[in-house]
Amino acid sequence: MRHHNSTAAPLAALMNPIAGIATSLAWPLAAVGADVPFAERVISTTETTPSSVFATDLDRDGDIDILFMSGGDDKIAWYESDGGKPPIFTRRVIAGTATVWYSLFAADVDGDGDTDVLSASYDDDKIAWYESDGGKPPTFTEHVISGAADGAASVFAMDVDGDGDIDVLSASSNDNKIAWYENDGGSPPTFTARLIYQQYGASSVFATDLDRDGDTDVLSAAGSDSATLNWYVNDGGSPPTFTKRAVSMPTATGVSSVFATDLDGDGDTDILYTSLAKIAWFESDGASPPSFTERVILSTTPIHAHTALATDLDGDGDTDVLATLPYDSKIWWYENYGGSPTRFYKRSISTTAFRTPSVFAADIDGDGKTDLIAALRPWDSSAGTKIAWYENLSPCGFDSDCDGDVDLEDYVPFRAALFGPR
């Protein structure tokens with residue numbers, strides 16, 4: 001964030017009355033944080049071709065652990081945090097019985113109060129979950145959900161049928177399937193495979209209540225050049241059936257990842273996606289059923305963006321965007337800049353992170369700020385391969401001079417008028 005010494009004092013003095021006037025005029029006071037500094041903390045340089053990362057409290061000790069997949073030795077493993085500041089991590093293997101891991105997820109699949117792990121592995125067409133025994137540290141038992149998801153590329157978990165237990169969803173690109181697996185609630189549960197839709201080149205699946213009718217809908221993306229991004233409306237049946245609704249994508253090809261959240265803060269759920277040439281989102285109009293308007297965050301050819309993810313990275317109360325660009329030697333995030341429609345401002349987390357296939361966001365060190373976890377690997381060798389996290393070093397959130405108040409410069413309508421756009 002730029003500082004203007006000649007005006008800082010009078011602007012600080014005017015903060016409260018101007019904020020009051022703006023509120024009375026119903027101006028959108030969208031607070032935007034100062035530039036957030038990040039420090040790279042390397043966890044490991046010995047993993048080979050890591051492909052996916054995830055973060056959760058896997059051992060229920062109150063701190064955040066890191067899950068990852070390693071393609072070189074075909075393992076799912078996790079790094080146990082010791083809760084230090086900064087934390088020290090101990091590597092623990094969960095499984096090594098699948099080939100070409102593509103996607104992982106964590107959820108309490110069997111409803112026993114601890115966190116289990118799910119995986120999709122491409123070459124052996126497997127969707128599996130790994131049951132935690134709740135130990136300190138936990139050990140895991142593999143349960144195969146399906147061995148017939150040809151080219152398993154994505155896995156997700158949510159209560160799809162509203163019966164109180166966690167179901168599993170998958171996208172598989174060789175048999176072009178979006179499927180869900182109904183949990184019978186047993187101990188351990190068994191699963192019944194149910195087809196949602198045949199989507200050519202299916203590469204990513206996500207679940208949320210997109211139309212706000214109380215049940216879980218499904219979103220999918222496909223990596224083929226001709227595919228579109230679809231959503232599937234849950235009819236609330238037992239078991240539910242799904243009706244396809246296309247989300248218009250006139251210029252997007254090779255959609256690699258899909259995510260859904262309220263990006264513009266208007267109370268409905270928007271859709272975020274990445275593709276060969278775009279990072280973009282579809283703004284929901286909140287209708288029943290909703291329709292969507294595309295808003296582009298980044299568009300250039302080719303960017304081969306992956307891992308669409310949204311979270312409040314700068315602690316200012318709105319939702320920012322994370323996406324990986326494997327051909328770029330940088331990790332970027334896109335700051336929510338407010339406005340109508342919402343705009344996003346590109347910011348750098350790292351300029352030395354060549355090829356980043358996966359990122360995730362969580363408070364790794366327990367300081368109340370959102371950090372970033374990344375898998376990094378080069379194209380030609382294992383040299384430079386890393387599992388790393390990027391510590392959020394912002395000392396005061398969007399109080400840019402750390403004086404205890406929110407600075408006028410950080411309010412979008414006034415900053416743009418006084419100092420010009422960033």
# chains A, B, ... in the order shown; residues from 1 in each chain; ligands from 1

$ residues_around --residues "Glu182 of chain A" --least-positions-apart "6" --cutoff "9 Å" --atoms "only C-alpha atoms" --output "list in words"
Asp159, Val160, Asp161, Ile166, Asp167, Val168, Leu169, Thr190, Phe191, Thr192, Ala193, Arg194 and Pro239 of chain A

$ write_last_selection --atoms "all heavy atoms" --output "tab-separated table (two decimals), in the first residue's frame"
chain	number	residue	atom	x	y	z
A	159	ASP	N	-22.96	-34.04	2.21
A	159	ASP	CA	-24.22	-34.76	2.36
A	159	ASP	C	-25.12	-34.41	1.18
A	159	ASP	O	-25.82	-33.39	1.17
A	159	ASP	CB	-24.89	-34.37	3.68
A	159	ASP	CG	-26.17	-35.15	3.94
A	159	ASP	OD1	-26.52	-36.03	3.13
A	159	ASP	OD2	-26.84	-34.85	4.95
A	160	VAL	N	-25.13	-35.26	0.16
A	160	VAL	CA	-25.85	-34.98	-1.08
A	160	VAL	C	-27.34	-35.21	-0.92
A	160	VAL	O	-28.17	-34.48	-1.48
A	160	VAL	CB	-25.29	-35.85	-2.23
A	160	VAL	CG1	-26.13	-35.72	-3.48
A	160	VAL	CG2	-23.84	-35.47	-2.51
A	161	ASP	N	-27.74	-36.23	-0.15
A	161	ASP	CA	-29.15	-36.61	-0.07
A	161	ASP	C	-29.85	-36.15	1.21
A	161	ASP	O	-31.00	-36.51	1.46
A	161	ASP	CB	-29.30	-38.12	-0.22
A	161	ASP	CG	-28.41	-38.91	0.73
A	161	ASP	OD1	-27.72	-38.29	1.57
A	161	ASP	OD2	-28.40	-40.15	0.64
A	166	ILE	N	-22.15	-38.28	5.30
A	166	ILE	CA	-21.32	-37.69	4.24
A	166	ILE	C	-21.27	-38.63	3.04
A	166	ILE	O	-20.83	-39.78	3.15
A	166	ILE	CB	-19.89	-37.41	4.75
A	166	ILE	CG1	-19.93	-36.36	5.86
A	166	ILE	CG2	-18.98	-36.95	3.61
A	166	ILE	CD1	-20.39	-35.00	5.41
A	167	ASP	N	-21.71	-38.13	1.90
A	167	ASP	CA	-21.61	-38.84	0.64
A	167	ASP	C	-20.35	-38.38	-0.10
A	167	ASP	O	-19.72	-37.39	0.28
A	167	ASP	CB	-22.86	-38.59	-0.19
A	167	ASP	CG	-24.14	-38.90	0.57
A	167	ASP	OD1	-24.30	-40.06	1.01
A	167	ASP	OD2	-24.97	-37.99	0.74
A	168	VAL	N	-20.01	-39.08	-1.15
A	168	VAL	CA	-18.78	-38.80	-1.90
A	168	VAL	C	-19.14	-38.54	-3.36
A	168	VAL	O	-20.05	-39.17	-3.91
A	168	VAL	CB	-17.79	-39.98	-1.78
A	168	VAL	CG1	-16.54	-39.73	-2.62
A	168	VAL	CG2	-17.43	-40.20	-0.31
A	169	LEU	N	-18.45	-37.58	-3.98
A	169	LEU	CA	-18.64	-37.26	-5.39
A	169	LEU	C	-17.33	-37.43	-6.14
A	169	LEU	O	-16.25	-37.24	-5.55
A	169	LEU	CB	-19.15	-35.84	-5.57
A	169	LEU	CG	-20.49	-35.50	-4.94
A	169	LEU	CD1	-20.27	-34.67	-3.67
A	169	LEU	CD2	-21.40	-34.76	-5.90
A	190	THR	N	-20.89	-48.35	3.66
A	190	THR	CA	-20.70	-48.78	2.28
A	190	THR	C	-21.40	-47.76	1.38
A	190	THR	O	-22.23	-46.98	1.83
A	190	THR	CB	-21.26	-50.19	2.04
A	190	THR	OG1	-22.65	-50.20	2.38
A	190	THR	CG2	-20.53	-51.21	2.89
A	191	PHE	N	-21.05	-47.80	0.09
A	191	PHE	CA	-21.49	-46.74	-0.82
A	191	PHE	C	-22.14	-47.35	-2.07
A	191	PHE	O	-21.65	-48.35	-2.60
A	191	PHE	CB	-20.29	-45.87	-1.22
A	191	PHE	CG	-19.72	-45.09	-0.08
A	191	PHE	CD1	-18.77	-45.65	0.76
A	191	PHE	CD2	-20.13	-43.78	0.18
A	191	PHE	CE1	-18.23	-44.94	1.82
A	191	PHE	CE2	-19.60	-43.07	1.23
A	191	PHE	CZ	-18.66	-43.64	2.06
A	192	THR	N	-23.21	-46.70	-2.51
A	192	THR	CA	-23.88	-47.07	-3.75
A	192	THR	C	-23.59	-46.01	-4.81
A	192	THR	O	-23.88	-44.83	-4.59
A	192	THR	CB	-25.40	-47.18	-3.54
A	192	THR	OG1	-25.66	-48.16	-2.54
A	192	THR	CG2	-26.10	-47.56	-4.84
A	193	ALA	N	-23.01	-46.43	-5.94
A	193	ALA	CA	-22.66	-45.48	-7.01
A	193	ALA	C	-23.91	-45.05	-7.76
A	193	ALA	O	-24.75	-45.88	-8.12
A	193	ALA	CB	-21.67	-46.13	-7.96
A	194	ARG	N	-24.04	-43.73	-7.99
A	194	ARG	CA	-25.17	-43.19	-8.74
A	194	ARG	C	-24.63	-42.16	-9.74
A	194	ARG	O	-23.90	-41.24	-9.35
A	194	ARG	CB	-26.19	-42.55	-7.81
A	194	ARG	CG	-26.73	-43.52	-6.75
A	194	ARG	CD	-27.91	-42.94	-6.00
A	194	ARG	NE	-28.37	-43.81	-4.95
A	194	ARG	CZ	-29.19	-44.87	-5.11
A	194	ARG	NH1	-29.62	-45.17	-6.34
A	194	ARG	NH2	-29.57	-45.60	-4.08
A	239	PRO	N	-33.51	-41.51	-3.29
A	239	PRO	CA	-32.36	-40.61	-3.46
A	239	PRO	C	-32.67	-39.51	-4.46
A	239	PRO	O	-33.58	-39.65	-5.29
A	239	PRO	CB	-31.28	-41.55	-3.99
A	239	PRO	CG	-32.04	-42.60	-4.74
A	239	PRO	CD	-33.31	-42.81	-3.97

$ closest_atom_pairs --of "segment 307-397 of chain A" --to "segment 274-283 of chain A" --cutoff "12 Å" --atoms "only C-alpha atoms" --output "CSV"
residue,atom,partner,partner_atom,distance
A:Thr307,CA,A:Thr274,CA,7.1
A:Ala308,CA,A:Thr274,CA,5.9
A:Leu309,CA,A:Thr274,CA,9.6
A:Ala310,CA,A:Trp281,CA,10.8
A:Asp320,CA,A:Trp281,CA,11.8
A:Val321,CA,A:Ile279,CA,9.3
A:Leu322,CA,A:Ile279,CA,9.5
A:Ala323,CA,A:Thr274,CA,7.5
A:Thr324,CA,A:Thr274,CA,8.9
A:Leu325,CA,A:Thr274,CA,9.6
A:Pro326,CA,A:Leu276,CA,10.9
A:Tyr327,CA,A:Leu276,CA,11.0
A:Trp332,CA,A:Ile279,CA,11.5
A:Trp333,CA,A:Ile279,CA,11.1
A:Tyr334,CA,A:Ile279,CA,10.0
A:Ser340,CA,A:Glu283,CA,10.7
A:Pro341,CA,A:Glu283,CA,8.4
A:Thr342,CA,A:Glu283,CA,9.2
A:Arg343,CA,A:Trp281,CA,10.6
A:Phe344,CA,A:Ala280,CA,10.1
A:Lys346,CA,A:Ile279,CA,11.3

$ write_last_selection --atoms "N, CA, C and O atoms" --output "compact mmCIF listing (two decimals), in the first residue's frame"
# COMPACT_ATOMS: atom_id res chain seq x y z
N THR A 307 -6.79 -25.04 -9.89
CA THR A 307 -7.06 -24.91 -8.47
C THR A 307 -7.78 -23.61 -8.11
O THR A 307 -7.24 -22.74 -7.44
N ALA A 308 -8.98 -23.46 -8.59
CA ALA A 308 -9.80 -22.32 -8.18
C ALA A 308 -10.15 -22.45 -6.69
O ALA A 308 -10.58 -23.50 -6.23
N LEU A 309 -9.93 -21.38 -5.95
CA LEU A 309 -10.15 -21.38 -4.51
C LEU A 309 -10.45 -19.96 -4.07
O LEU A 309 -9.88 -19.01 -4.62
N ALA A 310 -11.34 -19.79 -3.11
CA ALA A 310 -11.69 -18.46 -2.64
C ALA A 310 -11.73 -18.44 -1.12
O ALA A 310 -12.27 -19.34 -0.49
N ASP A 320 -11.47 -13.19 -1.33
CA ASP A 320 -10.44 -13.06 -2.35
C ASP A 320 -10.32 -14.38 -3.11
O ASP A 320 -10.92 -15.39 -2.74
N VAL A 321 -9.53 -14.37 -4.17
CA VAL A 321 -9.41 -15.53 -5.06
C VAL A 321 -7.96 -16.00 -5.13
O VAL A 321 -7.03 -15.19 -5.20
N LEU A 322 -7.80 -17.31 -5.12
CA LEU A 322 -6.50 -17.95 -5.35
C LEU A 322 -6.64 -18.88 -6.54
O LEU A 322 -7.65 -19.57 -6.69
N ALA A 323 -5.61 -18.89 -7.39
CA ALA A 323 -5.57 -19.83 -8.50
C ALA A 323 -4.12 -20.04 -8.88
O ALA A 323 -3.30 -19.13 -8.77
N THR A 324 -3.79 -21.25 -9.31
CA THR A 324 -2.42 -21.53 -9.70
C THR A 324 -2.25 -21.41 -11.21
O THR A 324 -3.15 -21.75 -11.98
N LEU A 325 -1.10 -20.90 -11.61
CA LEU A 325 -0.71 -20.79 -13.02
C LEU A 325 0.58 -21.57 -13.20
O LEU A 325 1.67 -21.02 -13.01
N PRO A 326 0.51 -22.86 -13.53
CA PRO A 326 1.71 -23.70 -13.52
C PRO A 326 2.84 -23.23 -14.43
O PRO A 326 4.00 -23.51 -14.18
N TYR A 327 2.52 -22.49 -15.51
CA TYR A 327 3.57 -22.04 -16.41
C TYR A 327 4.22 -20.74 -15.94
O TYR A 327 5.18 -20.27 -16.52
N TRP A 332 0.06 -16.13 -7.36
CA TRP A 332 -0.72 -14.90 -7.30
C TRP A 332 -1.96 -15.10 -6.46
O TRP A 332 -2.49 -16.20 -6.34
N TRP A 333 -2.43 -14.00 -5.90
CA TRP A 333 -3.79 -13.98 -5.38
C TRP A 333 -4.46 -12.73 -5.91
O TRP A 333 -3.80 -11.80 -6.39
N TYR A 334 -5.77 -12.73 -5.86
CA TYR A 334 -6.56 -11.67 -6.47
C TYR A 334 -7.44 -11.05 -5.40
O TYR A 334 -8.39 -11.66 -4.91
N SER A 340 -19.40 -2.76 -7.84
CA SER A 340 -20.53 -3.48 -8.42
C SER A 340 -20.46 -3.38 -9.94
O SER A 340 -20.72 -2.31 -10.50
N PRO A 341 -20.07 -4.46 -10.64
CA PRO A 341 -19.73 -5.77 -10.08
C PRO A 341 -18.37 -5.76 -9.38
O PRO A 341 -17.55 -4.88 -9.63
N THR A 342 -18.17 -6.73 -8.53
CA THR A 342 -16.93 -6.84 -7.78
C THR A 342 -15.73 -6.99 -8.72
O THR A 342 -15.76 -7.75 -9.69
N ARG A 343 -14.66 -6.24 -8.41
CA ARG A 343 -13.41 -6.32 -9.15
C ARG A 343 -12.33 -6.97 -8.30
O ARG A 343 -12.42 -6.98 -7.07
N PHE A 344 -11.31 -7.49 -8.98
CA PHE A 344 -10.21 -8.16 -8.29
C PHE A 344 -8.88 -7.60 -8.77
O PHE A 344 -8.69 -7.35 -9.96
N LYS A 346 -4.74 -8.08 -8.89
CA LYS A 346 -3.72 -9.12 -8.86
C LYS A 346 -2.57 -8.74 -7.95
O LYS A 346 -2.01 -7.66 -8.06

$ select_by_dssp --residues "segment 60-139 of chain A" --states "strand (DSSP E)" --output "ChimeraX atom specification"
/A:65-70,75-81,89-95,101-107,116-121,126-132

$ write_last_selection --atoms "N, CA, C and O atoms" --output "compact mmCIF listing (two decimals), in the first residue's frame"
# COMPACT_ATOMS: atom_id res chain seq x y z
N ASP A 65 -2.80 -29.42 10.23
CA ASP A 65 -1.84 -30.31 9.58
C ASP A 65 -1.99 -30.18 8.06
O ASP A 65 -2.95 -29.61 7.56
N ILE A 66 -1.03 -30.74 7.33
CA ILE A 66 -1.00 -30.59 5.88
C ILE A 66 -1.01 -31.97 5.23
O ILE A 66 -0.18 -32.83 5.54
N LEU A 67 -1.97 -32.18 4.34
CA LEU A 67 -2.08 -33.39 3.55
C LEU A 67 -1.51 -33.14 2.16
O LEU A 67 -1.63 -32.04 1.62
N PHE A 68 -0.92 -34.18 1.57
CA PHE A 68 -0.45 -34.02 0.20
C PHE A 68 -0.41 -35.37 -0.50
O PHE A 68 -0.41 -36.43 0.14
N MET A 69 -0.39 -35.31 -1.83
CA MET A 69 -0.19 -36.48 -2.67
C MET A 69 1.15 -36.37 -3.37
O MET A 69 1.52 -35.28 -3.82
N SER A 70 1.83 -37.49 -3.49
CA SER A 70 3.13 -37.52 -4.16
C SER A 70 3.05 -38.50 -5.31
O SER A 70 2.87 -39.70 -5.10
N LYS A 75 2.17 -41.98 -3.12
CA LYS A 75 1.78 -41.97 -1.72
C LYS A 75 0.84 -40.81 -1.39
O LYS A 75 0.91 -39.74 -2.01
N ILE A 76 -0.05 -41.05 -0.43
CA ILE A 76 -0.72 -39.98 0.29
C ILE A 76 -0.05 -39.90 1.65
O ILE A 76 0.13 -40.93 2.32
N ALA A 77 0.33 -38.72 2.04
CA ALA A 77 0.99 -38.54 3.32
C ALA A 77 0.51 -37.24 3.96
O ALA A 77 -0.22 -36.47 3.34
N TRP A 78 0.88 -37.05 5.21
CA TRP A 78 0.54 -35.79 5.86
C TRP A 78 1.70 -35.34 6.73
O TRP A 78 2.55 -36.14 7.15
N TYR A 79 1.76 -34.05 6.93
CA TYR A 79 2.74 -33.45 7.82
C TYR A 79 2.03 -32.98 9.07
O TYR A 79 1.20 -32.08 9.03
N GLU A 80 2.38 -33.62 10.17
CA GLU A 80 1.77 -33.31 11.46
C GLU A 80 2.42 -32.06 12.06
O GLU A 80 3.63 -32.00 12.24
N SER A 81 1.61 -31.08 12.37
CA SER A 81 2.09 -29.85 13.00
C SER A 81 2.28 -30.07 14.49
O SER A 81 1.45 -30.71 15.15
N PHE A 89 7.02 -29.71 11.37
CA PHE A 89 6.16 -30.75 10.82
C PHE A 89 6.87 -32.10 10.78
O PHE A 89 8.06 -32.19 10.46
N THR A 90 6.10 -33.16 11.10
CA THR A 90 6.59 -34.53 11.03
C THR A 90 5.81 -35.28 9.96
O THR A 90 4.58 -35.30 9.98
N ARG A 91 6.54 -35.90 9.03
CA ARG A 91 5.90 -36.59 7.90
C ARG A 91 5.36 -37.95 8.35
O ARG A 91 6.06 -38.72 9.02
N ARG A 92 4.12 -38.25 7.93
CA ARG A 92 3.49 -39.53 8.22
C ARG A 92 2.76 -40.02 6.98
O ARG A 92 1.99 -39.27 6.38
N VAL A 93 2.95 -41.27 6.62
CA VAL A 93 2.34 -41.84 5.42
C VAL A 93 0.95 -42.37 5.75
O VAL A 93 0.75 -43.05 6.77
N ILE A 94 -0.01 -42.09 4.88
CA ILE A 94 -1.36 -42.63 5.02
C ILE A 94 -1.53 -43.87 4.16
O ILE A 94 -2.04 -44.89 4.61
N ALA A 95 -1.14 -43.78 2.88
CA ALA A 95 -1.35 -44.91 1.97
C ALA A 95 -0.37 -44.83 0.82
O ALA A 95 0.09 -43.75 0.45
N TRP A 101 -1.88 -40.18 -8.34
CA TRP A 101 -2.85 -39.48 -7.51
C TRP A 101 -3.21 -38.14 -8.17
O TRP A 101 -2.35 -37.42 -8.64
N TYR A 102 -4.49 -37.81 -8.16
CA TYR A 102 -4.93 -36.57 -8.77
C TYR A 102 -5.57 -35.61 -7.79
O TYR A 102 -5.44 -34.40 -7.93
N SER A 103 -6.31 -36.11 -6.82
CA SER A 103 -7.12 -35.23 -5.98
C SER A 103 -7.28 -35.85 -4.61
O SER A 103 -7.38 -37.07 -4.47
N LEU A 104 -7.32 -34.98 -3.58
CA LEU A 104 -7.61 -35.46 -2.24
C LEU A 104 -8.54 -34.50 -1.53
O LEU A 104 -8.71 -33.35 -1.92
N PHE A 105 -9.15 -34.99 -0.46
CA PHE A 105 -10.13 -34.24 0.31
C PHE A 105 -10.15 -34.83 1.71
O PHE A 105 -9.67 -35.94 1.94
N ALA A 106 -10.69 -34.10 2.67
CA ALA A 106 -10.79 -34.61 4.04
C ALA A 106 -12.17 -34.29 4.60
O ALA A 106 -12.69 -33.20 4.41
N ALA A 107 -12.76 -35.27 5.28
CA ALA A 107 -14.07 -35.11 5.89
C ALA A 107 -14.29 -36.27 6.86
O ALA A 107 -13.59 -37.29 6.78
N ASP A 116 -11.33 -38.19 8.30
CA ASP A 116 -10.87 -39.19 7.36
C ASP A 116 -10.36 -38.49 6.09
O ASP A 116 -10.55 -37.29 5.90
N VAL A 117 -9.74 -39.26 5.23
CA VAL A 117 -9.13 -38.73 4.01
C VAL A 117 -9.73 -39.44 2.80
O VAL A 117 -10.00 -40.65 2.85
N LEU A 118 -9.95 -38.70 1.71
CA LEU A 118 -10.46 -39.27 0.47
C LEU A 118 -9.47 -39.00 -0.65
O LEU A 118 -8.76 -37.99 -0.63
N SER A 119 -9.46 -39.89 -1.66
CA SER A 119 -8.55 -39.72 -2.78
C SER A 119 -9.19 -40.15 -4.09
O SER A 119 -10.09 -41.00 -4.12
N ALA A 120 -8.70 -39.54 -5.18
CA ALA A 120 -8.98 -39.99 -6.54
C ALA A 120 -7.64 -40.28 -7.19
O ALA A 120 -6.75 -39.42 -7.19
N SER A 121 -7.47 -41.48 -7.73
CA SER A 121 -6.21 -41.84 -8.39
C SER A 121 -6.51 -42.27 -9.82
O SER A 121 -7.35 -43.13 -10.08
N LYS A 126 -9.52 -45.29 -9.18
CA LYS A 126 -9.99 -45.57 -7.83
C LYS A 126 -10.43 -44.32 -7.08
O LYS A 126 -9.73 -43.31 -7.06
N ILE A 127 -11.59 -44.43 -6.47
CA ILE A 127 -12.05 -43.49 -5.46
C ILE A 127 -12.02 -44.24 -4.13
O ILE A 127 -12.62 -45.32 -4.02
N ALA A 128 -11.30 -43.70 -3.16
CA ALA A 128 -11.14 -44.41 -1.89
C ALA A 128 -11.23 -43.44 -0.72
O ALA A 128 -11.07 -42.23 -0.88
N TRP A 129 -11.51 -44.00 0.47
CA TRP A 129 -11.39 -43.20 1.68
C TRP A 129 -10.55 -43.96 2.69
O TRP A 129 -10.44 -45.19 2.64
N TYR A 130 -9.91 -43.21 3.56
CA TYR A 130 -8.96 -43.75 4.52
C TYR A 130 -9.46 -43.40 5.90
O TYR A 130 -9.50 -42.24 6.31
N GLU A 131 -9.88 -44.45 6.60
CA GLU A 131 -10.54 -44.30 7.89
C GLU A 131 -9.53 -44.02 9.00
O GLU A 131 -8.60 -44.81 9.21
N SER A 132 -9.70 -42.90 9.69
CA SER A 132 -8.86 -42.58 10.84
C SER A 132 -9.29 -43.39 12.06
O SER A 132 -10.49 -43.54 12.31

$ closest_residue --among "A:Val53, A:Ala148, A:Val258, A:Ile64" --to "Phe206 of chain A" --atoms "only C-alpha atoms"
A:Val258

$ closest_residue --among "A:Pro86, A:Tyr232, A:Thr46, A:Tyr122" --to "Asp371 of chain A" --atoms "only C-alpha atoms"
A:Pro86

$ atom_distance --atom1 "atom CA of Leu393 of chain A" --atom2 "atom CA of Pro37 of chain A"
5.4 Å

$ residues_around --residues "Phe292 of chain A" --least-positions-apart "2" --cutoff "10 Å" --atoms "only C-alpha atoms" --output "PyMOL selection string"
chain A and resi 247-248+270-271+281-287+290+294-295

$ atom_distance --atom1 "atom CA of Lys85 of chain A" --atom2 "atom CA of Gly317 of chain A"
24.8 Å

$ atom_distance --atom1 "atom CA of Leu376 of chain A" --atom2 "atom CA of Ala388 of chain A"
7.8 Å

$ residues_around --residues "Asp59 of chain A" --least-positions-apart "6" --cutoff "9 Å" --atoms "only C-alpha atoms" --output "list in words"
Asp65, Glu80, Asp114, Thr115, Ser132, Gly134, Gly135, Lys136, Pro137 and Pro138 of chain A
